[in-house]
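For reference, data.cif is printed below; it contains mmCIF, C-alpha atoms.
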```
data_data
#
loop_
_atom_site.label_atom_id
_atom_site.label_comp_id
_atom_site.auth_asym_id
_atom_site.auth_seq_id
_atom_site.Cartn_x
_atom_site.Cartn_y
_atom_site.Cartn_z
CA MET V 1 -13.58 4.08 13.79
CA LYS V 2 -9.82 4.21 13.49
CA LEU V 3 -7.68 1.16 12.80
CA TYR V 4 -3.97 1.28 13.64
CA LYS V 5 -1.24 -1.13 12.60
CA THR V 6 1.39 -1.73 15.28
CA LYS V 7 4.08 -4.25 16.11
CA ARG V 8 1.71 -5.57 18.78
CA GLY V 9 -1.07 -6.15 16.26
CA ALA V 10 -4.01 -4.14 14.95
CA ILE V 11 -5.58 -1.68 17.39
CA LEU V 12 -9.15 -0.55 16.82
CA HIS V 13 -10.27 2.73 18.35
CA SER V 14 -14.04 3.18 18.59
CA ASP V 15 -16.51 4.97 20.83
CA ASN V 16 -16.10 2.05 23.21
CA GLY V 17 -12.36 2.59 23.60
CA TYR V 18 -9.40 0.58 22.33
CA CYS V 19 -9.11 -3.11 21.55
CA LEU V 20 -6.40 -5.37 20.17
CA ILE V 21 -7.28 -7.49 17.13
CA ASP V 22 -5.28 -10.64 16.46
CA ALA V 23 -5.57 -10.91 12.67
CA ASP V 24 -3.49 -10.77 9.52
CA TRP V 25 -3.49 -7.11 8.46
CA ASP V 26 -4.11 -7.69 4.75
CA THR V 27 -6.95 -10.12 5.41
CA LEU V 28 -8.45 -7.78 7.99
CA ILE V 29 -8.65 -4.66 5.82
CA ASN V 30 -9.47 -6.29 2.47
CA ASN V 31 -13.19 -6.52 3.16
CA ASP V 32 -16.27 -5.57 1.16
CA ASN V 33 -17.75 -3.70 4.13
CA LEU V 34 -14.90 -2.96 6.48
CA HIS V 35 -16.93 -0.74 8.80
CA GLN V 36 -19.58 -3.42 9.34
CA TYR V 37 -16.92 -6.11 9.65
CA LEU V 38 -15.16 -4.18 12.43
CA LEU V 39 -18.45 -3.69 14.22
CA GLY V 40 -18.84 -7.46 14.12
CA ILE V 41 -15.40 -7.92 15.66
CA LEU V 42 -16.32 -5.50 18.45
CA SER V 43 -19.38 -7.58 19.25
CA THR V 44 -17.20 -10.64 19.91
CA ASN V 45 -15.42 -8.89 22.83
CA PRO V 46 -11.82 -8.72 21.56
CA GLU V 47 -9.00 -7.99 23.99
CA SER V 48 -9.65 -4.51 25.39
CA LEU V 49 -6.84 -2.08 26.14
CA GLN V 50 -6.69 0.65 28.72
CA GLU V 51 -6.30 4.05 27.09
CA ASP V 52 -2.85 4.68 28.57
CA GLU V 53 -1.62 1.28 27.38
CA ALA V 54 -3.02 1.83 23.90
CA LEU V 55 -1.48 5.29 23.64
CA THR V 56 1.90 3.92 24.76
CA ILE V 57 1.77 1.30 21.99
CA LEU V 58 0.77 3.91 19.41
CA GLU V 59 3.55 6.20 20.60
CA ASN V 60 6.31 3.59 20.42
CA VAL V 61 5.54 0.79 17.94
CA ILE V 62 3.11 2.22 15.41
CA GLU V 63 3.60 1.15 11.79
CA ALA V 64 2.35 2.52 8.49
CA PRO V 65 -1.15 1.08 7.86
CA ILE V 66 -0.02 -0.92 4.85
CA GLY V 67 0.76 -4.58 4.28
CA GLN V 68 1.45 -5.99 0.81
CA GLN V 69 -0.39 -3.26 -1.07
CA GLU V 70 1.03 -0.95 -3.70
CA VAL V 71 0.75 2.82 -3.39
CA TRP V 72 -0.37 4.79 -6.44
CA ALA V 73 -0.94 8.51 -6.84
CA ALA V 74 -3.06 10.89 -8.88
CA GLY V 75 -1.60 14.11 -10.20
CA VAL V 76 -3.01 17.48 -11.21
CA THR V 77 -6.37 16.89 -9.54
CA TYR V 78 -6.47 20.44 -8.12
CA LEU V 79 -6.04 23.71 -10.02
CA ARG V 80 -3.20 24.83 -7.73
CA SER V 81 -1.33 21.62 -8.45
CA ARG V 82 -1.70 22.20 -12.17
CA ASP V 83 -0.32 25.72 -11.82
CA ALA V 84 2.63 24.52 -9.72
CA ARG V 85 3.55 21.85 -12.26
CA LYS V 86 3.38 24.44 -15.06
CA GLU V 87 5.64 26.80 -13.13
CA GLU V 88 8.31 24.18 -12.46
CA SER V 89 8.33 22.85 -16.06
CA GLN V 90 8.12 26.14 -17.93
CA ASP V 91 11.81 26.21 -18.88
CA SER V 92 11.71 22.63 -20.20
CA GLY V 93 8.72 23.34 -22.44
CA GLY V 94 6.45 20.88 -20.66
CA ALA V 95 3.97 23.32 -19.13
CA SER V 96 1.21 22.67 -21.66
CA MET V 97 1.08 18.99 -20.69
CA TYR V 98 -0.39 19.87 -17.30
CA ASP V 99 -3.14 21.99 -18.84
CA LYS V 100 -4.07 19.07 -21.04
CA VAL V 101 -4.21 16.45 -18.29
CA TYR V 102 -6.16 18.76 -15.97
CA ASP V 103 -8.84 19.21 -18.64
CA ALA V 104 -8.74 15.67 -20.04
CA ASP V 105 -11.25 12.93 -19.28
CA ARG V 106 -8.44 10.55 -18.24
CA PRO V 107 -6.60 11.50 -15.02
CA GLU V 108 -2.88 11.27 -14.41
CA LEU V 109 -2.15 8.14 -12.37
CA PHE V 110 1.30 6.84 -11.53
CA PHE V 111 2.91 4.18 -9.38
CA LYS V 112 4.36 5.68 -6.21
CA SER V 113 5.74 3.04 -3.84
CA LEU V 114 5.91 -0.48 -2.50
CA ALA V 115 5.25 -0.98 1.18
CA HIS V 116 8.90 -1.32 2.23
CA ARG V 117 9.61 2.26 1.09
CA VAL V 118 6.69 3.78 3.03
CA ALA V 119 7.38 5.62 6.29
CA ALA V 120 5.03 5.57 9.28
CA HIS V 121 3.94 8.37 11.59
CA ASN V 122 6.95 9.84 13.46
CA GLN V 123 9.43 8.20 11.09
CA HIS V 124 11.68 10.04 8.65
CA VAL V 125 11.12 10.64 4.97
CA ASN V 126 13.92 11.44 2.56
CA ILE V 127 14.85 14.20 0.18
CA ARG V 128 17.11 13.39 -2.76
CA LYS V 129 20.76 14.44 -2.64
CA ASP V 130 20.71 15.12 -6.40
CA SER V 131 17.77 17.52 -6.18
CA THR V 132 17.82 21.24 -5.38
CA TRP V 133 14.07 21.68 -4.82
CA ASN V 134 12.19 19.24 -2.59
CA VAL V 135 8.69 19.53 -1.15
CA PRO V 136 6.11 17.44 0.70
CA GLU V 137 2.70 16.96 -0.88
CA PRO V 138 -0.14 16.35 1.62
CA GLU V 139 -2.85 14.11 0.17
CA LEU V 140 -6.05 12.41 1.21
CA THR V 141 -5.27 8.75 0.56
CA LEU V 142 -7.78 6.02 -0.13
CA PHE V 143 -7.62 2.38 0.81
CA ILE V 144 -9.44 0.48 -1.93
CA ASN V 145 -10.16 -3.22 -1.50
CA SER V 146 -9.55 -5.91 -4.12
CA SER V 147 -13.09 -5.42 -5.44
CA GLY V 148 -12.37 -1.78 -6.25
CA ASN V 149 -14.41 -0.27 -3.42
CA ILE V 150 -13.17 2.50 -1.11
CA GLN V 151 -13.12 1.11 2.43
CA ALA V 152 -11.00 3.55 4.42
CA TYR V 153 -9.00 6.77 4.34
CA THR V 154 -5.59 7.79 5.59
CA ILE V 155 -3.10 10.63 5.26
CA GLY V 156 -0.39 10.50 2.62
CA ASN V 157 2.80 12.48 2.10
CA ASP V 158 3.89 12.26 -1.53
CA MET V 159 7.46 13.53 -1.28
CA SER V 160 8.55 15.13 -4.55
CA SER V 161 11.61 16.57 -6.23
CA ARG V 162 10.32 19.56 -8.15
CA SER V 163 13.71 20.33 -9.69
CA ILE V 164 13.97 16.87 -11.27
CA GLU V 165 10.37 16.75 -12.51
CA GLY V 166 10.68 20.32 -13.78
CA GLU V 167 13.83 19.50 -15.73
CA ASN V 168 11.97 16.96 -17.85
CA THR V 169 8.51 15.47 -17.32
CA LEU V 170 9.92 12.07 -18.32
CA TYR V 171 11.92 12.21 -15.09
CA LEU V 172 8.72 11.90 -13.04
CA PRO V 173 9.58 8.40 -11.70
CA GLN V 174 12.91 9.67 -10.37
CA ALA V 175 11.24 12.73 -8.85
CA LYS V 176 8.64 10.60 -7.10
CA ILE V 177 10.04 7.11 -6.44
CA TYR V 178 13.00 6.61 -4.13
CA GLU V 179 13.70 5.30 -0.64
CA ARG V 180 11.33 6.79 1.95
CA SER V 181 9.61 9.00 -0.62
CA ALA V 182 6.17 8.28 0.84
CA ALA V 183 4.52 8.24 4.23
CA LEU V 184 1.10 6.94 5.31
CA GLY V 185 -0.72 7.13 8.61
CA PRO V 186 -1.27 7.36 11.40
CA CYS V 187 -4.29 5.07 10.93
CA LEU V 188 -7.05 3.93 8.63
CA TYR V 189 -10.20 5.97 9.21
CA VAL V 190 -13.15 3.67 8.60
CA PRO V 191 -16.42 5.66 8.58
CA GLU V 192 -19.91 4.35 8.05
CA LYS V 193 -20.43 6.80 5.16
CA PRO V 194 -18.03 8.21 2.54
CA ILE V 195 -15.86 11.07 3.71
CA SER V 196 -17.38 14.55 3.38
CA ASP V 197 -16.19 16.89 0.62
CA LYS V 198 -15.98 19.57 3.33
CA THR V 199 -13.06 17.67 4.86
CA MET V 200 -10.07 19.93 5.44
CA ILE V 201 -6.38 19.14 4.89
CA GLU V 202 -3.73 21.20 6.66
CA MET V 203 0.06 21.11 6.42
CA VAL V 204 2.53 22.73 8.81
CA ILE V 205 6.30 22.75 8.25
CA LYS V 206 8.68 23.61 11.08
CA ARG V 207 12.40 24.35 10.93
CA ASN V 208 14.38 24.49 14.16
CA SER V 209 11.02 24.37 15.98
CA ASN V 210 9.84 27.50 14.17
CA GLU V 211 6.87 27.41 11.81
CA VAL V 212 7.95 28.29 8.26
CA PHE V 213 4.85 27.25 6.32
CA ARG V 214 1.16 26.61 6.98
CA ASP V 215 -1.78 26.20 4.65
CA SER V 216 -5.08 24.35 4.50
CA VAL V 217 -7.63 23.40 1.85
CA SER V 218 -10.93 21.58 1.49
CA ILE V 219 -11.06 18.43 -0.64
CA SER V 220 -14.13 19.96 -2.30
CA ARG V 221 -11.67 21.83 -4.52
CA MET V 222 -10.61 18.57 -6.14
CA LYS V 223 -11.74 18.55 -9.76
CA ARG V 224 -12.27 14.79 -10.01
CA SER V 225 -14.37 12.55 -7.78
CA LEU V 226 -12.72 9.88 -5.67
CA ASN V 227 -14.71 7.12 -7.40
CA GLU V 228 -13.63 8.45 -10.78
CA LEU V 229 -9.96 8.10 -9.84
CA VAL V 230 -10.56 4.58 -8.53
CA SER V 231 -12.35 3.51 -11.70
CA TYR V 232 -9.38 4.47 -13.88
CA LEU V 233 -6.87 2.84 -11.52
CA TYR V 234 -8.77 -0.46 -11.46
CA ALA V 235 -9.73 -0.43 -15.14
CA GLU V 236 -6.91 -2.76 -16.23
CA CYS V 237 -5.15 -3.63 -12.96
CA ASP V 238 -5.93 -6.25 -10.35
CA PHE V 239 -4.90 -5.66 -6.74
CA LYS V 240 -5.35 -8.91 -4.83
CA LYS V 241 -4.65 -7.28 -1.45
CA GLY V 242 -6.21 -3.94 -2.32
CA CYS V 243 -4.38 -0.70 -3.07
CA PHE V 244 -3.65 2.74 -1.65
CA LEU V 245 -4.29 5.78 -3.84
CA MET V 246 -3.01 9.27 -3.04
CA THR V 247 -5.53 11.66 -4.55
CA GLY V 248 -3.45 14.77 -5.27
CA THR V 249 -2.53 17.96 -3.47
CA CYS V 250 -3.65 21.57 -3.47
CA ILE V 251 -1.16 22.72 -0.84
CA VAL V 252 2.04 23.82 -2.52
CA PRO V 253 4.77 25.81 -0.72
CA PRO V 254 6.05 28.90 -2.57
CA ASN V 255 8.63 28.44 -5.30
CA ASP V 256 11.44 29.81 -3.13
CA PHE V 257 10.88 27.09 -0.52
CA THR V 258 12.71 23.78 -0.34
CA LEU V 259 12.91 21.27 2.49
CA ASN V 260 16.03 21.02 4.63
CA GLU V 261 17.31 18.08 6.61
CA ASN V 262 15.61 17.83 10.04
CA ASP V 263 12.56 19.86 9.02
CA GLU V 264 9.31 18.62 10.55
CA VAL V 265 6.26 18.11 8.32
CA SER V 266 2.84 17.60 9.91
CA ILE V 267 -0.23 16.87 7.81
CA SER V 268 -3.67 16.85 9.42
CA ILE V 269 -6.98 15.74 7.92
CA ASP V 270 -10.34 16.08 9.64
CA ASN V 271 -11.42 12.89 11.46
CA ILE V 272 -8.24 11.01 10.54
CA GLY V 273 -5.60 12.72 12.68
CA THR V 274 -2.07 13.99 12.07
CA LEU V 275 0.84 12.40 10.23
CA THR V 276 4.21 13.80 11.30
CA ASN V 277 7.55 13.05 9.65
CA HIS V 278 11.04 14.49 9.86
CA ILE V 279 13.22 15.11 6.82
CA ALA V 280 16.38 13.11 6.29
CA ILE V 281 19.00 12.64 3.59
CA ARG V 282 19.91 9.07 2.74
CA LEU V 283 23.56 8.27 3.44
#
```
Turn the structure described in the file into structure tokens.
Amino acid sequence: MKLYKTKRGAILHSDNGYCLIDADWDTLINNDNLHQYLLGILSTNPESLQEDEALTILENVIEAPIGQQEVWAAGVTYLRSRDARKEESQDSGGASMYDKVYDADRPELFFKSLAHRVAAHNQHVNIRKDSTWNVPEPELTLFINSSGNIQAYTIGNDMSSRSIEGENTLYLPQAKIYERSAALGPCLYVPEKPISDKTMIEMVIKRNSNEVFRDSVSISRMKRSLNELVSYLYAECDFKKGCFLMTGTCIVPPNDFTLNENDEVSISIDNIGTLTNHIAIRL
């Protein structure tokens, strides 16, 4: 099942079609068995929507599938990500730090965003004016409820300034946290069973309608398990409304590539869909 957040309310897409759910978003998703809970809602005959009406709503008033949750991120969970971080920080002397965190028991976890800075599908994300090297980072993103259990999955774009992070690893917050530096969507994918490790992630970048980058990877190449990342995130933090966790990227554009204003970034993950955003520069 797929659960969308829109200005009209929550829309649930199942094998039976589309229906509109009149419920507070945070209360709706923060459930100990979200899949079963949504099945229960379907059995009560909620307001059904014709497919064309539902698609019109999703086209025009879709929102990021987040309420009052925080967004966190995991770093260096794939070998390619470790290598990219080493390359960008070589001149600053910080390359060895990424080897150490990749091999360590404790993962790298960092705060990424509050909800008001998160872009939805078809909205813009920003690149920093004071950065010379900006990239998107496509990531499988978990929705974890307040009890610390993974309930759903979505697509995340962890926008990053590689020039700022490469200059000094202590600049990581500035490289990662700024207005519209994250995107989530287009929906929450709520399966009956945990997502398969054969799940593929693909990213396509277009410039002036021409494709300039494409790559894909299986999440099976992630070194750490999803539950392992969650256990460290929830070890000493409480999230009363639940939390979103970006799980790291293995798709890294070449070092001579940087995003330009108006570029289009599309990230697709099996069973979830496609998250598309355009690149902007904050005035």
**Request:** Could you give me, as JSON, numbers by chain, the residues within 7 Å of V:Tyr234, counting only C-alpha atoms and dropping anything in the same chain fewer than 4 positions from it?
**Result:** {"V": [148, 230, 238]}
**Request:** Could you list the residues chosen by the PyMOL selection byres ((chain V and resi 17) around 12) in this structure as a ChimeraX atom specification?
**Result:** /V:1-3,11-16,18-20,42,45-55
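For the choices V:Val265, V:Ala74, V:Val118, V:Val101, the atom-to-atom distance to V:Arg180 is smallest for V:Val118 when using all atoms listed in the file.
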**Request:** Please provide the set of residues having any atom within 9 Å of V:His35, restricted to all atoms listed in the file, with same-chain residues fewer than 3 positions apart removed, written as a ChimeraX atom specification.
**Result:** /V:1,31,38-40,151-152,190-192
Write the residues of the preceding selection, restricted to C-alpha atoms, as a PDB file, keeping the file's coordinate frame.
```pdb
ATOM      1  CA  MET V   1     -13.580   4.080  13.790  1.00  0.00           C
ATOM      2  CA  ASN V  31     -13.190  -6.520   3.160  1.00  0.00           C
ATOM      3  CA  LEU V  38     -15.160  -4.180  12.430  1.00  0.00           C
ATOM      4  CA  LEU V  39     -18.450  -3.690  14.220  1.00  0.00           C
ATOM      5  CA  GLY V  40     -18.840  -7.460  14.120  1.00  0.00           C
ATOM      6  CA  GLN V 151     -13.120   1.110   2.430  1.00  0.00           C
ATOM      7  CA  ALA V 152     -11.000   3.550   4.420  1.00  0.00           C
ATOM      8  CA  VAL V 190     -13.150   3.670   8.600  1.00  0.00           C
ATOM      9  CA  PRO V 191     -16.420   5.660   8.580  1.00  0.00           C
ATOM     10  CA  GLU V 192     -19.910   4.350   8.050  1.00  0.00           C
TER      11      GLU V 192
END
```
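The spacing separating atom CA of V:Glu264 from atom CA of V:Lys206 amounts to 5.1 Å.
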**Item:** Residues matched by the PyMOL selection byres ((chain V and resi 179) around 12), written as a list of chain:residue names
**Value:** V:Lys112, V:Ser113, V:Leu114, V:Ala115, V:His116, V:Arg117, V:Val118, V:Ala119, V:His124, V:Val125, V:Asn126, V:Ile127, V:Arg128, V:Lys129, V:Met159, V:Ser160, V:Gln174, V:Ala175, V:Lys176, V:Ile177, V:Tyr178, V:Arg180, V:Ser181, V:Ala182, V:Ala183, V:Ala280, V:Ile281, V:Arg282, V:Leu283
Just-selected residues, C-alpha atoms written as a PDB file, in the coordinates of the input:
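Saved result, result.pdb, follows:
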```
ATOM      1  CA  LYS V 112       4.360   5.680  -6.210  1.00  0.00           C
ATOM      2  CA  SER V 113       5.740   3.040  -3.840  1.00  0.00           C
ATOM      3  CA  LEU V 114       5.910  -0.480  -2.500  1.00  0.00           C
ATOM      4  CA  ALA V 115       5.250  -0.980   1.180  1.00  0.00           C
ATOM      5  CA  HIS V 116       8.900  -1.320   2.230  1.00  0.00           C
ATOM      6  CA  ARG V 117       9.610   2.260   1.090  1.00  0.00           C
ATOM      7  CA  VAL V 118       6.690   3.780   3.030  1.00  0.00           C
ATOM      8  CA  ALA V 119       7.380   5.620   6.290  1.00  0.00           C
ATOM      9  CA  HIS V 124      11.680  10.040   8.650  1.00  0.00           C
ATOM     10  CA  VAL V 125      11.120  10.640   4.970  1.00  0.00           C
ATOM     11  CA  ASN V 126      13.920  11.440   2.560  1.00  0.00           C
ATOM     12  CA  ILE V 127      14.850  14.200   0.180  1.00  0.00           C
ATOM     13  CA  ARG V 128      17.110  13.390  -2.760  1.00  0.00           C
ATOM     14  CA  LYS V 129      20.760  14.440  -2.640  1.00  0.00           C
ATOM     15  CA  MET V 159       7.460  13.530  -1.280  1.00  0.00           C
ATOM     16  CA  SER V 160       8.550  15.130  -4.550  1.00  0.00           C
ATOM     17  CA  GLN V 174      12.910   9.670 -10.370  1.00  0.00           C
ATOM     18  CA  ALA V 175      11.240  12.730  -8.850  1.00  0.00           C
ATOM     19  CA  LYS V 176       8.640  10.600  -7.100  1.00  0.00           C
ATOM     20  CA  ILE V 177      10.040   7.110  -6.440  1.00  0.00           C
ATOM     21  CA  TYR V 178      13.000   6.610  -4.130  1.00  0.00           C
ATOM     22  CA  ARG V 180      11.330   6.790   1.950  1.00  0.00           C
ATOM     23  CA  SER V 181       9.610   9.000  -0.620  1.00  0.00           C
ATOM     24  CA  ALA V 182       6.170   8.280   0.840  1.00  0.00           C
ATOM     25  CA  ALA V 183       4.520   8.240   4.230  1.00  0.00           C
ATOM     26  CA  ALA V 280      16.380  13.110   6.290  1.00  0.00           C
ATOM     27  CA  ILE V 281      19.000  12.640   3.590  1.00  0.00           C
ATOM     28  CA  ARG V 282      19.910   9.070   2.740  1.00  0.00           C
ATOM     29  CA  LEU V 283      23.560   8.270   3.440  1.00  0.00           C
TER      30      LEU V 283
END
```
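The result of the PyMOL selection byres ((chain V and resi 60) around 12) on the shown file is Lys5, Thr6, Lys7, Arg8, Glu53, Ala54, Leu55, Thr56, Ile57, Leu58, Glu59, Val61, Ile62, Glu63, Ala120, His121, Asn122 and Gln123 of chain V.
When atom CA of V:Glu139 is paired with atom CA of V:Asn168, their separation reads 23.5 Å.
Atom CA of V:Arg221 sits 22.3 Å away from atom CA of V:Asn149.
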**Request:** Enumerate, as JSON, numbers by chain, the protein, DNA and RNA residues whose atoms approach (-2.3, 20.1, 12.5) to within 8 Å, taking into account only C-alpha atoms and the coordinate frame of the file.
**Result:** {"V": [202, 203, 204, 266, 267, 268, 269, 274]}
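With distances taken over only C-alpha atoms, V:Thr77 is the one residue among V:Gln69, V:Asn210, V:Asn271, V:Thr77 lying closest to V:Lys100.
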Can you tell me, as a PDB file with C-alpha atoms, in the coordinates of the input, what residues are no more than 9 Å from V:Phe257 when counting all atoms listed in the file, ignoring any on the same chain fewer than 2 positions away?
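That gives us result-v1.pdb:
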```
ATOM      1  CA  TRP V 133      14.070  21.680  -4.820  1.00  0.00           C
ATOM      2  CA  ASN V 134      12.190  19.240  -2.590  1.00  0.00           C
ATOM      3  CA  VAL V 135       8.690  19.530  -1.150  1.00  0.00           C
ATOM      4  CA  PRO V 253       4.770  25.810  -0.720  1.00  0.00           C
ATOM      5  CA  PRO V 254       6.050  28.900  -2.570  1.00  0.00           C
ATOM      6  CA  ASN V 255       8.630  28.440  -5.300  1.00  0.00           C
ATOM      7  CA  LEU V 259      12.910  21.270   2.490  1.00  0.00           C
TER       8      LEU V 259
END
```
